[in-house]
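File shown: coords.cif (mmCIF, C-alpha atoms).
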```cif
data_model
#
loop_
_atom_site.label_atom_id
_atom_site.label_comp_id
_atom_site.auth_asym_id
_atom_site.auth_seq_id
_atom_site.Cartn_x
_atom_site.Cartn_y
_atom_site.Cartn_z
CA MET A 903 -28.83 11.29 34.65
CA THR A 904 -26.13 9.55 32.75
CA ARG A 905 -22.87 11.30 32.38
CA VAL A 906 -19.68 10.40 30.71
CA LEU A 907 -17.49 8.22 32.86
CA ASP A 908 -14.11 9.57 33.70
CA ALA A 909 -12.00 6.82 32.28
CA GLU A 910 -8.47 6.99 31.09
CA PRO A 911 -8.11 5.51 27.63
CA HIS A 912 -5.84 2.55 27.65
CA ASP A 913 -4.24 0.63 24.89
CA THR A 914 -4.77 -3.09 24.89
CA GLY A 915 -2.47 -3.78 21.97
CA THR A 916 0.34 -6.21 22.63
CA VAL A 917 3.81 -5.91 21.21
CA ASP A 918 2.70 -7.86 18.17
CA THR A 919 -0.70 -6.38 17.59
CA ALA A 920 0.11 -2.78 18.31
CA PRO A 921 1.70 -2.01 14.93
CA THR A 922 -1.46 -2.97 13.11
CA ARG A 923 -3.82 -0.80 15.02
CA ALA A 924 -6.04 1.20 12.78
CA ASP A 925 -7.42 3.88 15.01
CA GLN A 926 -4.38 5.99 15.61
CA GLY A 927 -1.49 7.20 13.61
CA TYR A 928 -3.22 6.25 10.44
CA ASP A 929 -1.91 8.33 7.63
CA THR A 930 -4.67 8.64 5.08
CA VAL A 931 -2.58 8.62 1.98
CA PHE A 932 -5.13 6.75 -0.05
CA SER A 933 -8.86 6.63 0.04
CA TYR A 934 -10.56 3.41 0.95
CA ARG A 935 -11.44 2.82 -2.64
CA GLU A 936 -7.84 3.21 -3.71
CA LEU A 937 -6.72 0.95 -0.90
CA ALA A 938 -9.18 -1.66 -2.05
CA ARG A 939 -7.80 -1.47 -5.57
CA LEU A 940 -4.26 -1.83 -4.32
CA ASP A 941 -5.23 -4.70 -2.09
CA GLU A 942 -6.97 -6.56 -4.86
CA ALA A 943 -4.14 -5.99 -7.31
CA LEU A 944 -1.51 -7.19 -4.88
CA THR A 945 -3.49 -10.17 -3.71
CA MET A 946 -4.66 -11.35 -7.09
CA SER A 947 -1.30 -10.97 -8.78
CA SER A 948 0.34 -12.85 -5.96
CA ARG A 949 -2.18 -15.66 -6.16
CA GLU A 950 -2.04 -15.89 -9.92
CA THR A 951 1.69 -16.13 -10.10
CA GLY A 952 2.72 -17.74 -6.86
CA LEU A 953 5.19 -14.94 -6.38
CA ARG A 954 4.83 -12.51 -3.54
CA PHE A 955 4.22 -8.96 -4.68
CA THR A 956 4.68 -6.29 -2.06
CA LEU A 957 4.45 -2.56 -2.41
CA TYR A 958 6.42 0.03 -0.51
CA ILE A 959 5.50 3.67 -0.75
CA GLY A 960 7.79 6.08 0.99
CA ASP A 961 11.12 7.72 0.96
CA LEU A 962 14.05 5.66 -0.23
CA GLY A 963 16.90 7.84 0.90
CA PRO A 964 19.79 9.03 -1.22
CA LYS A 965 20.75 5.56 -2.44
CA THR A 966 17.41 4.34 -3.65
CA ARG A 967 18.51 1.06 -5.14
CA ILE A 968 20.44 -0.03 -2.07
CA ARG A 969 17.59 0.95 0.18
CA ALA A 970 15.09 -0.94 -1.95
CA GLU A 971 17.25 -4.05 -1.92
CA GLU A 972 17.56 -3.83 1.83
CA LEU A 973 13.82 -3.61 2.13
CA HIS A 974 13.40 -6.52 -0.22
CA ALA A 975 15.80 -8.63 1.79
CA HIS A 976 14.02 -7.76 4.96
CA GLY A 977 10.56 -8.76 3.81
CA GLY A 978 9.38 -12.31 4.16
CA ASP A 979 10.45 -14.86 1.59
CA PRO A 980 12.87 -12.67 -0.35
CA VAL A 981 13.72 -15.28 -2.97
CA ASP A 982 10.19 -15.49 -4.32
CA SER A 983 9.07 -11.96 -3.71
CA VAL A 984 8.87 -8.90 -5.90
CA LEU A 985 9.07 -5.50 -4.28
CA LEU A 986 7.72 -2.38 -5.89
CA ALA A 987 9.29 0.51 -4.04
CA VAL A 988 7.78 3.83 -5.00
CA SER A 989 9.16 7.08 -3.69
CA PRO A 990 6.82 9.80 -4.93
CA GLY A 991 8.83 12.57 -3.32
CA GLN A 992 11.95 11.57 -5.18
CA ARG A 993 10.07 10.50 -8.30
CA VAL A 994 11.73 7.12 -8.27
CA ILE A 995 10.37 3.63 -8.56
CA GLU A 996 12.53 0.59 -7.93
CA VAL A 997 11.41 -2.92 -8.72
CA VAL A 998 13.39 -5.60 -6.94
CA THR A 999 12.92 -9.23 -7.82
CA GLY A 1000 14.31 -12.08 -5.80
CA ALA A 1001 16.58 -14.68 -7.28
CA SER A 1002 13.79 -17.13 -8.02
CA ALA A 1003 11.33 -14.49 -9.11
CA ALA A 1004 13.88 -12.97 -11.49
CA ARG A 1005 13.85 -16.14 -13.56
CA ARG A 1006 10.18 -15.64 -14.30
CA LEU A 1007 10.33 -11.87 -14.44
CA PRO A 1008 13.31 -10.86 -16.51
CA ASP A 1009 14.64 -7.37 -16.12
CA ARG A 1010 13.32 -6.32 -19.49
CA ALA A 1011 9.77 -7.16 -18.46
CA CYS A 1012 10.25 -5.22 -15.25
CA ALA A 1013 11.57 -2.27 -17.20
CA LEU A 1014 8.52 -2.33 -19.43
CA ALA A 1015 6.19 -2.39 -16.45
CA VAL A 1016 8.19 0.40 -14.86
CA LEU A 1017 7.84 2.44 -18.00
CA SER A 1018 4.08 2.17 -17.99
CA MET A 1019 4.00 2.93 -14.30
CA THR A 1020 6.10 6.04 -14.63
CA ASN A 1021 3.79 7.23 -17.38
CA SER A 1022 0.86 7.09 -15.01
CA PHE A 1023 2.84 8.57 -12.16
CA ALA A 1024 3.85 11.52 -14.27
CA ALA A 1025 0.17 12.13 -14.89
CA GLY A 1026 -0.48 12.09 -11.16
CA ASP A 1027 -2.15 8.70 -11.01
CA LEU A 1028 -0.26 6.72 -8.39
CA VAL A 1029 -2.76 3.97 -7.77
CA GLY A 1030 -3.68 3.43 -11.39
CA GLY A 1031 -0.05 3.14 -12.35
CA ILE A 1032 0.68 0.66 -9.62
CA VAL A 1033 -2.34 -1.47 -10.48
CA ASN A 1034 -1.46 -1.53 -14.15
CA GLY A 1035 2.15 -2.29 -13.42
CA LEU A 1036 1.18 -5.18 -11.21
CA ARG A 1037 -1.06 -6.46 -13.96
CA GLN A 1038 1.78 -6.35 -16.45
CA LEU A 1039 4.19 -8.04 -14.09
CA SER A 1040 1.79 -10.81 -13.20
CA ASP A 1041 0.89 -11.35 -16.84
CA GLN A 1042 4.54 -11.73 -17.63
CA ALA A 1043 5.21 -14.11 -14.77
CA GLY A 1044 2.28 -16.33 -15.63
CA HIS A 1045 1.14 -19.23 -13.55
CA PRO A 1046 3.53 -21.26 -11.48
CA HIS A 1047 4.64 -24.44 -13.13
CA GLY A 1048 2.09 -27.18 -12.76
CA ALA A 1049 -0.22 -25.17 -10.59
CA ARG A 1050 -2.68 -23.95 -13.17
CA ARG A 1051 -5.91 -23.61 -11.33
CA HIS A 1052 -8.13 -21.95 -13.85
CA MET B 451 -39.55 45.64 -23.37
CA THR B 452 -38.24 48.28 -21.09
CA VAL B 453 -34.58 48.90 -20.58
CA VAL B 454 -34.67 47.19 -17.22
CA GLU B 455 -36.25 44.09 -18.70
CA THR B 456 -33.70 44.00 -21.47
CA LEU B 457 -30.86 44.24 -19.02
CA LEU B 458 -32.38 41.56 -16.84
CA VAL B 459 -32.88 39.13 -19.67
CA PHE B 460 -29.74 39.69 -21.70
CA VAL B 461 -27.18 40.57 -19.01
CA VAL B 462 -28.22 39.46 -15.58
CA ALA B 463 -29.68 36.09 -16.53
CA PRO B 464 -26.64 34.87 -18.50
CA LEU B 465 -24.34 36.17 -15.78
CA ALA B 466 -26.35 34.28 -13.22
CA VAL B 467 -25.89 31.09 -15.20
CA TYR B 468 -22.15 31.65 -15.43
CA VAL B 469 -21.86 32.47 -11.74
CA PHE B 470 -23.85 29.40 -10.82
CA PHE B 471 -21.59 27.04 -12.73
CA TRP B 472 -18.47 28.79 -11.47
CA ALA B 473 -19.64 28.36 -7.90
CA VAL B 474 -20.50 24.71 -8.40
CA THR B 475 -17.10 24.08 -9.92
CA TYR B 476 -14.73 26.00 -7.73
CA LEU B 477 -16.30 26.61 -4.37
CA PRO B 478 -15.43 23.99 -1.74
CA GLY B 479 -18.00 21.94 0.03
CA GLY B 480 -18.95 19.57 -2.70
CA ARG B 481 -17.78 16.01 -2.91
CA GLN B 482 -14.66 15.83 -0.81
CA ARG B 483 -11.87 13.70 -2.06
CA GLN B 484 -10.51 11.27 0.44
CA GLY B 485 -6.79 10.81 0.62
CA VAL B 486 -4.14 12.95 -0.96
CA ARG B 487 -4.07 14.18 -4.48
CA TYR B 488 -0.65 13.45 -5.84
CA LYS B 489 0.93 15.89 -8.21
CA PRO B 490 4.30 15.04 -9.68
CA GLY B 491 7.01 17.02 -8.03
CA GLN B 492 5.29 17.69 -4.77
CA ALA B 493 6.98 16.63 -1.58
CA TRP B 494 5.86 13.38 -0.05
CA GLU B 495 5.64 13.81 3.68
CA HIS B 496 3.86 10.69 4.74
CA GLU B 497 4.90 7.73 6.77
CA PRO B 498 6.32 4.99 4.62
CA VAL B 499 3.89 2.14 4.21
CA TRP B 500 4.39 -1.34 2.98
CA TYR B 501 1.49 -3.25 1.53
CA GLU B 502 1.44 -7.01 1.39
CA PRO B 503 -0.89 -9.42 -0.36
CA GLN B 504 -3.46 -11.15 1.72
CA PRO B 505 -2.58 -14.66 2.76
CA GLU B 506 -4.73 -17.27 1.12
CA ASN B 507 -6.05 -18.72 4.34
CA ALA B 508 -6.62 -15.50 6.16
CA PRO B 509 -10.23 -15.74 7.30
CA THR B 510 -10.13 -19.35 8.36
CA HIS B 511 -7.66 -18.99 11.14
CA ALA B 512 -8.98 -20.41 14.38
CA ALA B 513 -7.43 -20.12 17.76
CA GLY B 514 -5.09 -22.94 18.41
CA GLU B 515 -1.55 -23.76 19.05
CA GLY B 516 0.75 -20.82 19.04
CA ASP B 517 -1.96 -18.33 19.81
CA THR B 518 -2.23 -16.27 22.87
CA GLN B 519 -4.81 -17.45 25.30
CA ALA B 520 -5.08 -14.16 27.04
CA VAL B 521 -8.36 -13.22 28.58
CA GLY B 522 -10.00 -10.70 26.35
CA SER B 523 -8.27 -11.79 23.24
CA SER B 524 -10.51 -12.24 20.30
CA LEU B 525 -12.37 -15.34 19.30
CA TYR B 526 -9.84 -16.18 16.68
CA GLY B 527 -6.84 -15.85 18.89
CA GLU B 528 -3.77 -13.96 18.04
CA THR B 529 -0.55 -15.35 16.82
CA ALA B 530 1.78 -15.37 19.76
CA ALA B 531 5.04 -14.29 18.21
CA ILE B 532 4.61 -12.83 14.80
CA GLY B 533 8.06 -11.42 14.56
CA ALA B 534 9.75 -14.62 15.61
CA GLY B 535 10.49 -16.58 12.55
CA HIS B 536 7.56 -17.31 10.33
CA GLY B 537 7.50 -14.47 7.93
CA SER B 538 5.23 -15.98 5.34
CA GLY B 539 3.14 -17.16 8.19
CA HIS B 540 -0.42 -18.14 8.60
CA GLY B 541 -3.13 -16.26 10.28
CA PRO B 542 -4.36 -12.75 10.57
CA GLY B 543 -1.17 -11.27 11.83
CA HIS B 544 1.04 -12.42 9.05
CA GLY B 545 3.02 -9.24 8.78
CA VAL B 546 6.67 -9.39 9.47
CA SER B 547 6.98 -7.00 12.33
CA ALA B 548 10.53 -6.94 13.37
CA ASP B 549 11.47 -4.81 16.29
CA GLY B 550 9.04 -2.15 15.33
CA HIS B 551 11.42 0.74 15.29
CA GLY B 552 13.50 0.44 12.22
CA PRO B 553 15.31 3.16 10.42
CA ILE B 554 12.20 4.16 8.56
CA GLY B 555 9.98 3.97 11.57
CA SER B 556 7.18 1.57 12.14
CA SER B 557 4.71 2.03 9.39
CA VAL B 558 1.13 1.85 10.43
CA ILE B 559 -1.66 1.29 8.05
CA ALA B 560 -4.83 -0.63 8.07
CA GLY B 561 -8.32 0.56 7.59
CA THR B 562 -9.08 -1.96 4.94
CA ARG B 563 -8.76 -5.59 5.41
CA GLY B 564 -5.81 -7.09 3.75
CA ALA B 565 -3.47 -4.31 2.99
CA THR B 566 -1.09 -5.12 5.74
CA ALA B 567 1.69 -3.00 7.03
CA VAL B 568 5.12 -4.32 7.61
CA SER B 569 7.45 -2.31 9.71
CA ALA B 570 10.93 -2.42 8.38
CA GLY B 571 13.60 -3.12 10.91
CA THR B 572 17.29 -3.42 10.52
CA PRO B 573 18.29 -4.65 7.09
CA VAL B 574 19.49 -8.18 6.79
CA PRO B 575 21.90 -9.32 4.11
CA SER B 576 20.23 -10.76 1.06
CA ALA B 577 20.28 -14.46 0.67
CA GLY B 578 19.78 -16.73 -2.27
CA GLY B 579 21.35 -15.32 -5.32
CA PRO B 580 21.37 -12.15 -7.33
CA LEU B 581 18.50 -9.73 -7.41
CA GLY B 582 16.87 -8.47 -10.54
CA GLY B 583 14.54 -5.64 -11.26
CA ALA B 584 14.33 -2.27 -12.84
CA ARG B 585 14.21 1.34 -11.89
CA GLY B 586 12.45 4.31 -13.33
CA THR B 587 12.01 7.98 -12.75
CA TRP B 588 9.34 10.38 -13.81
#
```
Take the structure in this file and express it as structure tokens.
Amino acid sequence: MTRVLDAEPHDTGTVDTAPTRADQGYDTVFSYRELARLDEALTMSSRETGLRFTLYIGDLGPKTRIRAEELHAHGGDPVDSVLLAVSPGQRVIEVVTGASAARRLPDRACALAVLSMTNSFAAGDLVGGIVNGLRQLSDQAGHPHGARRH
Amino acid sequence: MTVVETLLVFVVAPLAVYVFFWAVTYLPGGRQRQGVRYKPGQAWEHEPVWYEPQPENAPTHAAGEGDTQAVGSSLYGETAAIGAGHGSGHGPGHGVSADGHGPIGSSVIAGTRGATAVSAGTPVPSAGGPLGGARGTW
């Protein structure tokens, strides 16, 4: 009858597609539902404001601010992007705004969002804190000038 | 009521109710929580991940110029060189994947559509003015 073929598994990912493979090395930090919330929050706040919100969750090393700024500079479009770098192991969050984004998101607004985020984080709610912080930041930034779509 | 009946009604039955609710609450095997449960102060031993917003024109990317034409590639094509230049690019593979093996390792996520991983490579000097932001601890 049928039997399982003896086939070596092979990886068809190219240099570019391999890092986005989903079937191996996937660290299930968040549930799918939480990932969906994060995805929606990031996408909608980026579309509302025209800025580019990205979220980094991981260790930031001993010099957290310098590491976060390096990460921010490395991401695409650093002038218009806002990086939320959360290091749960170190209990640190760093918000880095690019030069153009900082004009619409002053440091005081970022500090307020960070305050509300750290409140949620201290209660153990990582995703809820991030989503609420993104909401605050995007509310503060508002719509891009002359691009009000709704 | 005999003594046995009294014991059954007033001792064993309430105990059974308590034991039932204790078992439902504390014994494993119920609804499993997916993902990790974060408690403040616990160590975080996961790969660093970097989530990006979805590009606005993500699903409408058709194979065309700049895509690989490899046999077996998908209907929509794949962007030929994602890491080469266009960071805020167009298409499904819009993540900025520099060399793949940066100091923090190549972060791999996916699983849902949209939350895209970016692997951090060597840091580049910041361009375009001062950075703002805030920091907080908890």
Atomic distance CA of Thr916 in chain A - CA of Val499 in chain B, expressed in Å with one decimal: 20.5 Å
CA of Gly1000 in chain A to CA of Ala1013 in chain A, straight-line distance in Å: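 Distance between the two atoms: 15.3 Å.
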Close residues, range 1031-1035 of chain A itself excluded, 8 Å, all atoms listed in the file, min 3 positions apart in chain, as an MDAnalysis selection string: chainID A and resid 939:940 943 1015:1016 1018:1023 1027:1028 1038:1039
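The spacing separating CA of Tyr488 in chain B from CA of Ala1025 in chain A amounts to 9.2 Å.
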Residues selected by the PyMOL selection byres ((chain B and resi 490) around 10), written as a PyMOL selection string: (chain A and resi 990-993+1023-1028) or (chain B and resi 487-489+491-494+588)
Hits from the PyMOL selection byres ((chain A and resi 953-955) around 8), listed as a list of chain:residue names: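 That expression, the PyMOL selection byres ((chain A and resi 953-955) around 8), corresponds here to A:Leu944, A:Thr945, A:Ser947, A:Ser948, A:Arg949, A:Thr951, A:Gly952, A:Thr956, A:Leu957, A:Asp979, A:Asp982, A:Ser983, A:Val984, A:Leu985, A:Leu986, A:Ala1003, B:Glu502, B:Pro503.
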Can you sort out the box for range 485-488 of chain B, edges along x, y and z, all listed atoms in, 3 Å on every side, with centre and edge lengths in Å to one decimal, as JSON?
```
{"center_x": -3.7, "center_y": 12.5, "center_z": -2.6, "size_x": 12.1, "size_y": 9.4, "size_z": 12.5}
```
